[in-house]
>>> print(open('data.csv').read())   # CSV, C-alpha atoms
chain,number,residue,atom,x,y,z
A,1206,MET,CA,-88.4,-23.5,57.5
A,1207,SER,CA,-84.7,-22.9,58.1
A,1208,SER,CA,-83.5,-21.7,61.5
A,1209,ALA,CA,-82.9,-18.2,60.1
A,1210,ASP,CA,-86.5,-18.2,58.8
A,1211,LEU,CA,-87.8,-19.3,62.3
A,1212,LYS,CA,-85.8,-16.6,64.0
A,1213,ALA,CA,-87.2,-13.9,61.7
A,1214,ALA,CA,-90.7,-15.4,62.0
A,1215,SER,CA,-90.7,-15.6,65.8
A,1216,PRO,CA,-91.2,-11.8,66.5
A,1217,ASP,CA,-93.9,-11.7,63.8
A,1218,MET,CA,-95.6,-14.8,65.3
A,1219,ALA,CA,-95.4,-13.3,68.8
A,1220,LEU,CA,-97.1,-10.1,67.5
A,1221,VAL,CA,-99.8,-12.1,65.6
A,1222,SER,CA,-100.5,-14.2,68.7
A,1223,ALA,CA,-100.8,-11.0,70.8
A,1224,ILE,CA,-103.2,-9.5,68.1
A,1225,ARG,CA,-105.3,-12.7,68.5
A,1226,ALA,CA,-105.5,-11.8,72.1
A,1227,ARG,CA,-106.7,-8.3,71.1
A,1228,ASP,CA,-103.5,-6.6,72.2
A,1229,GLN,CA,-103.6,-3.1,70.7
A,1230,GLY,CA,-100.0,-2.5,71.5
A,1231,ALA,CA,-99.0,-5.5,69.4
A,1232,MET,CA,-101.1,-4.1,66.5
A,1233,ALA,CA,-99.4,-0.8,66.8
A,1234,ALA,CA,-95.9,-2.4,66.7
A,1235,LEU,CA,-96.9,-4.5,63.7
A,1236,TYR,CA,-98.2,-1.4,61.9
A,1237,ASP,CA,-95.0,0.5,62.7
A,1238,ARG,CA,-93.0,-2.4,61.3
A,1239,PHE,CA,-94.9,-3.1,58.1
A,1240,SER,CA,-97.0,-0.1,57.1
A,1241,SER,CA,-94.3,1.4,54.9
A,1242,VAL,CA,-94.1,-1.8,52.8
A,1243,VAL,CA,-97.9,-2.1,52.5
A,1244,TYR,CA,-98.3,1.6,51.6
A,1245,SER,CA,-95.5,1.5,49.0
A,1246,VAL,CA,-97.0,-1.6,47.3
A,1247,ALA,CA,-100.4,0.0,47.2
A,1248,LEU,CA,-99.1,3.4,46.0
A,1249,ARG,CA,-97.1,1.7,43.2
A,1250,VAL,CA,-100.2,-0.1,41.9
A,1251,LEU,CA,-102.7,2.7,42.4
A,1252,GLY,CA,-100.5,5.8,41.8
A,1253,GLU,CA,-102.4,8.0,44.2
A,1254,THR,CA,-101.8,8.6,47.9
A,1255,GLY,CA,-105.4,8.7,49.0
A,1256,ALA,CA,-106.3,5.3,47.5
A,1257,ALA,CA,-103.0,3.8,48.8
A,1258,GLU,CA,-103.9,5.0,52.3
A,1259,ASP,CA,-107.3,3.4,52.0
A,1260,VAL,CA,-105.7,0.1,51.0
A,1261,LEU,CA,-103.2,0.4,53.9
A,1262,GLN,CA,-106.1,0.8,56.4
A,1263,ASP,CA,-108.0,-2.1,54.8
A,1264,VAL,CA,-105.1,-4.4,55.1
A,1265,PHE,CA,-104.4,-3.7,58.7
A,1266,LEU,CA,-108.1,-3.8,59.6
A,1267,GLN,CA,-108.3,-7.2,58.0
A,1268,LEU,CA,-105.4,-8.4,60.0
A,1269,TRP,CA,-107.0,-7.0,63.2
A,1270,ARG,CA,-110.3,-8.7,62.5
A,1271,ASN,CA,-108.8,-12.0,61.4
A,1272,PRO,CA,-105.3,-12.6,62.5
A,1273,GLY,CA,-105.7,-16.3,62.0
A,1274,ALA,CA,-105.6,-15.8,58.2
A,1275,PHE,CA,-101.8,-15.5,58.4
A,1276,ASP,CA,-100.1,-18.9,58.1
A,1277,ALA,CA,-96.4,-18.7,59.1
A,1278,SER,CA,-95.7,-22.0,57.4
A,1279,ARG,CA,-96.4,-20.5,54.0
A,1280,GLY,CA,-94.1,-17.5,54.3
A,1281,ASN,CA,-93.2,-14.4,56.3
A,1282,LEU,CA,-95.6,-11.8,57.5
A,1283,GLY,CA,-94.2,-8.9,55.6
A,1284,ALA,CA,-94.5,-10.7,52.3
A,1285,TRP,CA,-98.0,-11.9,53.1
A,1286,LEU,CA,-99.1,-8.3,53.9
A,1287,ALA,CA,-97.5,-7.1,50.7
A,1288,VAL,CA,-99.4,-9.6,48.6
A,1289,ILE,CA,-102.7,-8.7,50.4
A,1290,ALA,CA,-101.9,-5.0,49.7
A,1291,ARG,CA,-101.2,-5.7,46.1
A,1292,ASN,CA,-104.4,-7.7,45.7
A,1293,ARG,CA,-106.5,-5.0,47.4
A,1294,ALA,CA,-104.9,-2.3,45.3
A,1295,ILE,CA,-105.6,-4.2,42.1
A,1296,ASP,CA,-109.2,-4.6,43.2
A,1297,ALA,CA,-109.5,-0.9,43.9
A,1298,ARG,CA,-107.8,0.0,40.6
A,1299,ARG,CA,-110.3,-2.1,38.7
A,1300,LYS,CA,-113.3,-0.6,40.6
A,1301,ARG,CA,-112.4,3.1,40.4
A,1302,LYS,CA,-114.0,5.6,38.1
A,1303,PRO,CA,-112.3,7.1,35.1
A,1304,GLU,CA,-109.7,9.9,35.9
A,1305,SER,CA,-111.0,12.7,38.1
A,1306,ASP,CA,-111.2,16.3,37.0
A,1307,ILE,CA,-108.2,18.3,38.0
A,1308,GLU,CA,-110.4,20.4,40.3
A,1309,ASP,CA,-111.3,17.3,42.3
A,1310,VAL,CA,-107.8,16.2,43.1
A,1311,VAL,CA,-106.6,16.7,46.7
A,1312,LEU,CA,-103.0,16.2,47.6
A,1313,SER,CA,-102.1,15.1,51.1
A,1314,VAL,CA,-98.4,15.1,52.1
A,1315,THR,CA,-97.2,14.1,55.5
A,1316,PRO,CA,-93.5,14.0,55.7
A,1317,ASP,CA,-92.2,11.0,57.5
A,1318,MET,CA,-88.4,10.8,57.1
A,1319,ALA,CA,-87.9,7.4,58.7
A,1320,SER,CA,-90.6,5.6,56.7
A,1321,ASP,CA,-89.3,7.4,53.5
A,1322,ALA,CA,-85.8,6.1,54.2
A,1323,ASP,CA,-87.0,2.6,54.9
A,1324,ARG,CA,-89.1,2.6,51.8
A,1325,SER,CA,-86.2,4.0,49.8
A,1326,ARG,CA,-83.9,1.2,50.9
A,1327,VAL,CA,-86.4,-1.5,50.1
A,1328,ALA,CA,-87.2,0.1,46.7
A,1329,GLU,CA,-83.4,0.4,45.9
A,1330,LYS,CA,-82.9,-3.2,46.8
A,1331,VAL,CA,-85.8,-4.3,44.5
A,1332,ARG,CA,-84.5,-2.0,41.7
A,1333,GLY,CA,-81.1,-3.6,42.1
A,1334,VAL,CA,-82.5,-7.1,41.8
A,1335,LEU,CA,-84.7,-6.2,38.9
A,1336,GLY,CA,-81.7,-4.6,37.2
A,1337,THR,CA,-79.9,-8.0,37.2
A,1338,MET,CA,-82.9,-9.7,35.4
A,1339,SER,CA,-83.3,-10.0,31.7
A,1340,ALA,CA,-85.6,-7.4,30.1
A,1341,PRO,CA,-88.4,-10.0,29.4
A,1342,GLN,CA,-88.3,-11.4,32.9
A,1343,ARG,CA,-88.4,-7.9,34.5
A,1344,SER,CA,-91.2,-6.8,32.1
A,1345,ALA,CA,-93.3,-9.9,33.1
A,1346,LEU,CA,-92.9,-9.2,36.8
A,1347,GLU,CA,-93.7,-5.5,36.4
A,1348,MET,CA,-96.9,-6.3,34.3
A,1349,ALA,CA,-98.0,-8.8,36.9
A,1350,TYR,CA,-97.3,-6.9,40.1
A,1351,TYR,CA,-97.6,-3.2,39.1
A,1352,GLU,CA,-100.3,-3.4,36.4
A,1353,GLY,CA,-102.2,-6.3,37.9
A,1354,LEU,CA,-102.2,-8.4,34.8
A,1355,THR,CA,-102.8,-12.1,35.0
A,1356,HIS,CA,-100.3,-14.6,33.6
A,1357,THR,CA,-102.7,-15.2,30.6
A,1358,GLU,CA,-103.0,-11.5,30.0
A,1359,ILE,CA,-99.2,-11.0,30.0
A,1360,ALA,CA,-98.8,-13.9,27.6
A,1361,ALA,CA,-101.4,-12.4,25.2
A,1362,LYS,CA,-99.8,-8.9,25.5
A,1363,THR,CA,-96.3,-10.2,24.8
A,1364,GLY,CA,-97.1,-13.0,22.4
A,1365,GLU,CA,-95.0,-15.4,24.6
A,1366,PRO,CA,-96.3,-18.9,25.7
A,1367,LEU,CA,-98.1,-19.0,29.0
A,1368,GLY,CA,-95.6,-21.4,30.4
A,1369,THR,CA,-92.7,-19.1,29.6
A,1370,ILE,CA,-94.4,-16.2,31.4
A,1371,LYS,CA,-95.1,-18.3,34.5
A,1372,THR,CA,-91.4,-19.5,34.6
A,1373,ARG,CA,-90.1,-15.9,34.2
A,1374,ILE,CA,-92.3,-14.7,37.0
A,1375,ARG,CA,-91.5,-17.6,39.3
A,1376,ALA,CA,-87.7,-17.2,38.7
A,1377,GLY,CA,-88.0,-13.5,39.3
A,1378,LEU,CA,-89.8,-13.9,42.6
A,1379,THR,CA,-87.3,-16.5,43.7
A,1380,ALA,CA,-84.5,-14.0,43.0
A,1381,LEU,CA,-86.3,-11.3,45.0
A,1382,ARG,CA,-86.9,-13.6,47.9
A,1383,LYS,CA,-83.2,-14.6,48.0
A,1384,ALA,CA,-82.1,-10.9,48.0
A,1385,PHE,CA,-84.4,-10.2,51.0
A,1386,GLN,CA,-83.3,-13.3,52.9
A,1387,GLU,CA,-79.6,-12.3,52.8
>>> encode(input="data.csv", output="structure tokens")
Amino acid sequence: MSSADLKAASPDMALVSAIRARDQGAMAALYDRFSSVVYSVALRVLGETGAAEDVLQDVFLQLWRNPGAFDASRGNLGAWLAVIARNRAIDARRKRKPESDIEDVVLSVTPDMASDADRSRVAEKVRGVLGTMSAPQRSALEMAYYEGLTHTEIAAKTGEPLGTIKTRIRAGLTALRKAFQE
């Protein structure tokens, strides 16, 4: 890890260490810091607020129960939580029943301007990076992360070789990582 990575990871690691010691204040601070990212990933995959809120709760409950699952040497905490949220959302999407009747739909809206602004800035940055990518690379990333398709499924859907799909996704993720490290 570079010195910049260590500086960014230190507050996260301090919070994770405090959570290991069952410090509820640390958990609250961590939730405040990363809940908007986790929620927005889940909402993007699932497309409904209630299901995204369930994923948000599951992700942070998992962290509370097993804070040792996070390994700082493999990446930063925000990215790890986003991947966990994405995986949980994909699992929930695969398990859910067919579309509900319109009478069964309940909308819950709680305005939170600060979180909306943070989410908007992150989404704008991601859109900007995605906008610089070639259409096939952007499409492969979107199918993998928003539709939950595997590399093999993307290759079959696009008719491209599996190695090409893997390379496009890896290069796209590297570009996104660089944009967020700057």
>>> closest_atom_pairs(input="data.csv", of="segment 1234-1298 of chain A", to="segment 1213-1224 of chain A", cutoff="8 Å", atoms="all atoms listed in the file", output="Markdown table")
| residue | atom | partner | partner_atom | distance |
| --- | --- | --- | --- | --- |
| A:Ala1234 | CA | A:Leu1220 | CA | 7.8 |
| A:Leu1235 | CA | A:Leu1220 | CA | 6.8 |
| A:Trp1269 | CA | A:Ile1224 | CA | 6.7 |
| A:Pro1272 | CA | A:Val1221 | CA | 6.3 |
| A:Ala1277 | CA | A:Ala1214 | CA | 7.2 |
| A:Asn1281 | CA | A:Ala1214 | CA | 6.3 |
| A:Leu1282 | CA | A:Asp1217 | CA | 6.5 |
>>> atom_distance(input="data.csv", atom1="atom CA of Asn1271 of chain A", atom2="atom CA of Asp1228 of chain A")
13.2 Å
>>> atom_distance(input="data.csv", atom1="atom CA of Val1331 of chain A", atom2="atom CA of Leu1381 of chain A")
7.0 Å
>>> closest_residue(input="data.csv", among="A:Ala1384, A:Ala1322, A:Ala1360, A:Ala1226", to="Thr1337 of chain A", atoms="all atoms listed in the file")
A:Ala1384
>>> residues_around(input="data.csv", residues="segment 1369-1379 of chain A", least_positions_apart="5", cutoff="7 Å", atoms="all atoms listed in the file", output="PyMOL selection string")
chain A and resi 1342+1345-1346+1356+1360
>>> atom_distance(input="data.csv", atom1="atom CA of Arg1270 of chain A", atom2="atom CA of Ala1257 of chain A")
19.9 Å
>>> residues_around(input="data.csv", residues="Met1348 of chain A", least_positions_apart="3", cutoff="12 Å", atoms="all atoms listed in the file", output="list of chain:residue names")
A:Arg1249, A:Val1250, A:Ile1295, A:Pro1341, A:Gln1342, A:Arg1343, A:Ser1344, A:Ala1345, A:Tyr1351, A:Glu1352, A:Gly1353, A:Leu1354, A:Thr1355, A:His1356, A:Thr1357, A:Glu1358, A:Ile1359, A:Ala1360, A:Ala1361, A:Lys1362, A:Thr1363, A:Ile1370, A:Arg1373, A:Ile1374
>>> build_atoms(input="data.csv", residues="segment 1237-1269 of chain A", atoms="N, CA and C atoms", output="mmCIF file, keeping the file's coordinate frame")
data_model
loop_
_atom_site.group_PDB
_atom_site.id
_atom_site.type_symbol
_atom_site.label_atom_id
_atom_site.label_comp_id
_atom_site.auth_asym_id
_atom_site.auth_seq_id
_atom_site.Cartn_x
_atom_site.Cartn_y
_atom_site.Cartn_z
ATOM 1 N N ASP A 1237 -96.245 -0.273 62.783
ATOM 2 C CA ASP A 1237 -95.000 0.500 62.700
ATOM 3 C C ASP A 1237 -93.975 -0.262 61.820
ATOM 4 N N ARG A 1238 -93.956 -1.561 61.981
ATOM 5 C CA ARG A 1238 -93.000 -2.400 61.300
ATOM 6 C C ARG A 1238 -93.263 -2.571 59.803
ATOM 7 N N PHE A 1239 -94.526 -2.724 59.438
ATOM 8 C CA PHE A 1239 -94.900 -3.100 58.100
ATOM 9 C C PHE A 1239 -95.684 -2.092 57.274
ATOM 10 N N SER A 1240 -96.108 -0.998 57.875
ATOM 11 C CA SER A 1240 -97.000 -0.100 57.100
ATOM 12 C C SER A 1240 -96.288 0.546 55.929
ATOM 13 N N SER A 1241 -94.987 0.796 56.011
ATOM 14 C CA SER A 1241 -94.300 1.400 54.900
ATOM 15 C C SER A 1241 -94.286 0.468 53.659
ATOM 16 N N VAL A 1242 -94.131 -0.827 53.911
ATOM 17 C CA VAL A 1242 -94.100 -1.800 52.800
ATOM 18 C C VAL A 1242 -95.520 -1.883 52.191
ATOM 19 N N VAL A 1243 -96.545 -1.995 53.020
ATOM 20 C CA VAL A 1243 -97.900 -2.100 52.500
ATOM 21 C C VAL A 1243 -98.294 -0.847 51.740
ATOM 22 N N TYR A 1244 -97.949 0.318 52.282
ATOM 23 C CA TYR A 1244 -98.300 1.600 51.600
ATOM 24 C C TYR A 1244 -97.556 1.701 50.278
ATOM 25 N N SER A 1245 -96.275 1.360 50.242
ATOM 26 C CA SER A 1245 -95.500 1.500 49.000
ATOM 27 C C SER A 1245 -96.026 0.577 47.906
ATOM 28 N N VAL A 1246 -96.426 -0.637 48.271
ATOM 29 C CA VAL A 1246 -97.000 -1.600 47.300
ATOM 30 C C VAL A 1246 -98.301 -0.980 46.731
ATOM 31 N N ALA A 1247 -99.162 -0.517 47.618
ATOM 32 C CA ALA A 1247 -100.400 0.000 47.200
ATOM 33 C C ALA A 1247 -100.251 1.295 46.339
ATOM 34 N N LEU A 1248 -99.307 2.141 46.741
ATOM 35 C CA LEU A 1248 -99.100 3.400 46.000
ATOM 36 C C LEU A 1248 -98.511 3.049 44.601
ATOM 37 N N ARG A 1249 -97.660 2.054 44.508
ATOM 38 C CA ARG A 1249 -97.100 1.700 43.200
ATOM 39 C C ARG A 1249 -98.191 1.181 42.265
ATOM 40 N N VAL A 1250 -99.128 0.414 42.773
ATOM 41 C CA VAL A 1250 -100.200 -0.100 41.900
ATOM 42 C C VAL A 1250 -101.218 0.954 41.584
ATOM 43 N N LEU A 1251 -101.584 1.788 42.561
ATOM 44 C CA LEU A 1251 -102.700 2.700 42.400
ATOM 45 C C LEU A 1251 -102.217 4.114 41.852
ATOM 46 N N GLY A 1252 -101.018 4.525 42.234
ATOM 47 C CA GLY A 1252 -100.500 5.800 41.800
ATOM 48 C C GLY A 1252 -101.093 7.021 42.421
ATOM 49 N N GLU A 1253 -101.876 6.846 43.472
ATOM 50 C CA GLU A 1253 -102.400 8.000 44.200
ATOM 51 C C GLU A 1253 -102.411 7.748 45.684
ATOM 52 N N THR A 1254 -102.032 8.782 46.441
ATOM 53 C CA THR A 1254 -101.800 8.600 47.900
ATOM 54 C C THR A 1254 -103.086 8.265 48.638
ATOM 55 N N GLY A 1255 -104.192 8.915 48.309
ATOM 56 C CA GLY A 1255 -105.400 8.700 49.000
ATOM 57 C C GLY A 1255 -105.900 7.219 48.910
ATOM 58 N N ALA A 1256 -105.856 6.704 47.704
ATOM 59 C CA ALA A 1256 -106.300 5.300 47.500
ATOM 60 C C ALA A 1256 -105.309 4.354 48.149
ATOM 61 N N ALA A 1257 -104.014 4.670 48.135
ATOM 62 C CA ALA A 1257 -103.000 3.800 48.800
ATOM 63 C C ALA A 1257 -103.231 3.817 50.305
ATOM 64 N N GLU A 1258 -103.593 4.962 50.861
ATOM 65 C CA GLU A 1258 -103.900 5.000 52.300
ATOM 66 C C GLU A 1258 -105.103 4.202 52.651
ATOM 67 N N ASP A 1259 -106.108 4.204 51.778
ATOM 68 C CA ASP A 1259 -107.300 3.400 52.000
ATOM 69 C C ASP A 1259 -106.936 1.892 52.021
ATOM 70 N N VAL A 1260 -106.099 1.485 51.090
ATOM 71 C CA VAL A 1260 -105.700 0.100 51.000
ATOM 72 C C VAL A 1260 -104.866 -0.254 52.293
ATOM 73 N N LEU A 1261 -103.991 0.652 52.705
ATOM 74 C CA LEU A 1261 -103.200 0.400 53.900
ATOM 75 C C LEU A 1261 -104.131 0.188 55.114
ATOM 76 N N GLN A 1262 -105.141 1.011 55.257
ATOM 77 C CA GLN A 1262 -106.100 0.800 56.400
ATOM 78 C C GLN A 1262 -106.845 -0.481 56.237
ATOM 79 N N ASP A 1263 -107.291 -0.822 55.040
ATOM 80 C CA ASP A 1263 -108.000 -2.100 54.800
ATOM 81 C C ASP A 1263 -107.192 -3.294 55.196
ATOM 82 N N VAL A 1264 -105.932 -3.290 54.808
ATOM 83 C CA VAL A 1264 -105.100 -4.400 55.100
ATOM 84 C C VAL A 1264 -104.888 -4.660 56.565
ATOM 85 N N PHE A 1265 -104.601 -3.585 57.301
ATOM 86 C CA PHE A 1265 -104.400 -3.700 58.700
ATOM 87 C C PHE A 1265 -105.688 -3.995 59.492
ATOM 88 N N LEU A 1266 -106.779 -3.469 58.989
ATOM 89 C CA LEU A 1266 -108.100 -3.800 59.600
ATOM 90 C C LEU A 1266 -108.414 -5.246 59.402
ATOM 91 N N GLN A 1267 -108.111 -5.777 58.220
ATOM 92 C CA GLN A 1267 -108.300 -7.200 58.000
ATOM 93 C C GLN A 1267 -107.495 -8.050 58.912
ATOM 94 N N LEU A 1268 -106.240 -7.670 59.123
ATOM 95 C CA LEU A 1268 -105.400 -8.400 60.000
ATOM 96 C C LEU A 1268 -105.927 -8.354 61.465
ATOM 97 N N TRP A 1269 -106.416 -7.190 61.886
ATOM 98 C CA TRP A 1269 -107.000 -7.000 63.200
ATOM 99 C C TRP A 1269 -108.203 -7.928 63.406
#
